[in-house]
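Some notes on the structure that comes next.
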Amino acid sequence: MTGAGQTPPPGWYPDPSGAPGMVRWWSGETWSDVMMPSGPGVSVGTVPGAPAQRPAEPAAEQPSEGPARRPGPSRAWTAAVAVVVLVAAVVGTLLAVRSGDDGPDRSASPPSSGGLPDPPSGAGPGFPPGTVRIIDEAAGISYPYLGEGWSEFDLGLQLETTETAGQYFTTQEDTPDGGIFISQCTSGPVEPQYGDAADLRSTVTTLAASVRANYYPGPNEREVLRDEARTVDGHRAHLYEFSLSWDIEGYDATGERAALLLVDVGRPAPALLYISIPNSHAELYGVINRVLDAVDVL
């Protein structure tokens, strides 16, 4: 039997805030500030002491459900048949009041987190409730919204796109150059100076060189992970994925994985999808394939 005070090992667990189909990384000490969708390739652990498949179920009963979810204080009440309706109302009220006094362990340690702290709340501009996909009309593509902790992109234009949409979260507030470091999943129509859809591979390679020069500390070393033609929703595309590494004092991350997907959407400018995740949040590398495999052309 698992002891009540045992802390789960690092891994992916059902999101303790109850977001359907989402998992959150537990480092062994704290929750990650971002989530990602569960699914194939993600091993989801079970928090010791938590009910299986019901990570978001609150421990304390709702007052209106008190009598239905627990036995009454005494069977003797059945003797008062003549006033059964009144008695039931009184018992329900008493149980609702008592539900908050059943013990501090039930209110302080809900089964969803197994006694672990609640995850931190996201910051920055949020998406409307019910958002499940980012719809980039300007670029002509859509892709998954990654959930709580990812904010709507509001950091201005990327140099590589004429307009920029998407999501991001800040991984370091104050970098040595006085800026912030982010993880992002953004998109937009490609600036004409970088190329067009006639030669997708050449254009996306040029774009990759641009983001490397503009958004990462240097000097750095690059390893190309994937350089391949693809089909996205029946349209020609090319994927260029690489990892960078650096050793520069003052940065929380010492490297990053980035993927650039260029899609011929049948417009003058191809659509660029750019995903970047620093190794300080390497548990989120799986987000890259999740997004790449779910891109649609509008």
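Labels for the structure tokens follow display order: chains A, B, ..., residues from 1 in each chain, ligands from 1.
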Near Ile275 of chain A, counting only C-alpha atoms, which residues have an atom at most 6 Å away, once you skip same-chain residues fewer than 4 positions from it, shown as a list in words?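 My reading of the contact set: Gln184, Cys185, Ala258 and Ala259 of chain A.
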Strand (DSSP E) positions in segment 133-166 of chain A, given as a list of chain:residue names: A:Arg133, A:Ile134, A:Ile135, A:Asp136, A:Ile141, A:Ser142, A:Tyr143, A:Pro144, A:Ser151, A:Glu152, A:Ala165, A:Gly166
Can you pull out every residue from segment 115-209 of chain A that DSSP, working from the backbone, puts in helix (DSSP H, G or I), and format the result as a PyMOL selection string? chain A and resi 192-194+197-209
Compare A:Val291, A:Ala138, A:Ile248, A:Leu207 by their minimum atom-to-atom distance to Ala269 of chain A, counting only C-alpha atoms, and give me the closest one.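 Looking only at the distances to Ala269 of chain A, the closest residue turns out to be A:Ala138.
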Using only C-alpha atoms, determine which residues lie at most 7 Å from Thr171 of chain A, disregarding the query and same-chain residues fewer than 6 positions distant; provide the list as number ranges by chain. A: 181-183
Identify, on the basis of only C-alpha atoms, every residue whose closest approach to Glu191 of chain A does not exceed 6 Å; exclude the query and any residue fewer than 4 positions from it along the same chain; express the result as a PyMOL selection string. chain A and resi 160-162
With only C-alpha atoms as the basis for distance, which of A:Arg24, A:His281, A:His235, A:Arg222 is at the shortest distance from Gly147 of chain A? A:Arg24
Gap from atom CA of Thr206 of chain A to atom CA of Thr175 of chain A - Å, one decimal: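 Computing the Euclidean distance for atom CA of Thr206 of chain A and atom CA of Thr175 of chain A yields 26.3 Å.
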When you look at Val297 of chain A with a cut-off of 12 Å (counting only C-alpha atoms), what residues show up, excluding the ones that are within fewer than 2 positions of it in the same chain? I need them as a PyMOL selection string. chain A and resi 134-143+231-237+262-267+270-273+294-295
Which residues are close to Leu239 of chain A, i.e. within 8 Å by only C-alpha atoms, leaving aside same-chain residues fewer than 5 positions away? Reply as a list in words.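 Here the answer would be Val204, Arg226, Asp227, Glu228, Ala229, Arg230, Ala259, Leu260, Leu261 and Leu262 of chain A.
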To one decimal place in Å, what is the distance between atom CA of Pro189 of chain A and atom CA of Asn220 of chain A?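 Computed distance, atom CA of Pro189 of chain A to atom CA of Asn220 of chain A, equals 27.5 Å.
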Give me, as a short mmCIF file (atom, residue, chain, number, x, y, z; two decimals) with C-alpha atoms, in the first residue's frame, all polymer residues having an atom no more than 12 Å from Tyr145 of chain A, counting only C-alpha atoms and skipping those fewer than 2 positions away in the same chain.
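And here's around35.cif as it stands now:
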data_model
loop_
_atom_site.label_atom_id
_atom_site.label_comp_id
_atom_site.auth_asym_id
_atom_site.auth_seq_id
_atom_site.Cartn_x
_atom_site.Cartn_y
_atom_site.Cartn_z
CA MET A 22 -4.45 17.33 -20.82
CA VAL A 34 2.38 24.50 -19.00
CA MET A 35 0.42 21.48 -20.18
CA MET A 36 0.16 19.40 -23.31
CA PRO A 37 -2.44 17.03 -24.76
CA GLY A 126 -5.27 34.27 -22.60
CA PHE A 127 -7.46 32.68 -25.26
CA PRO A 128 -11.25 32.70 -25.14
CA PRO A 129 -12.83 29.82 -23.17
CA GLY A 130 -13.40 26.80 -25.35
CA THR A 131 -10.45 27.48 -27.67
CA VAL A 132 -9.04 24.24 -29.06
CA ARG A 133 -7.18 25.43 -32.16
CA ILE A 134 -5.24 28.47 -33.33
CA ILE A 135 -6.86 29.73 -36.54
CA ASP A 136 -4.35 31.80 -38.51
CA SER A 142 -4.67 26.08 -38.13
CA TYR A 143 -3.06 23.99 -35.40
CA GLY A 147 -3.79 24.77 -23.18
CA GLU A 148 -3.33 26.55 -19.88
CA GLY A 149 0.02 28.28 -19.48
CA TRP A 150 0.31 29.16 -23.18
CA SER A 151 -0.56 32.80 -23.83
CA GLU A 152 -1.70 34.44 -27.03
CA PHE A 153 1.34 35.75 -28.91
CA ALA A 165 -0.17 34.60 -34.64
CA GLY A 166 0.10 31.79 -32.12
CA GLN A 167 1.02 31.05 -28.54
CA TYR A 168 3.98 31.26 -26.19
CA GLN A 184 6.70 29.50 -28.80
CA CYS A 185 4.39 27.99 -31.37
CA THR A 186 3.69 30.72 -33.92
CA VAL A 287 4.58 19.12 -28.25
CA ARG A 290 1.71 16.85 -31.60
CA VAL A 291 1.41 20.16 -33.41
CA ALA A 294 -2.34 18.17 -36.52
CA VAL A 295 -1.82 21.11 -38.91
#
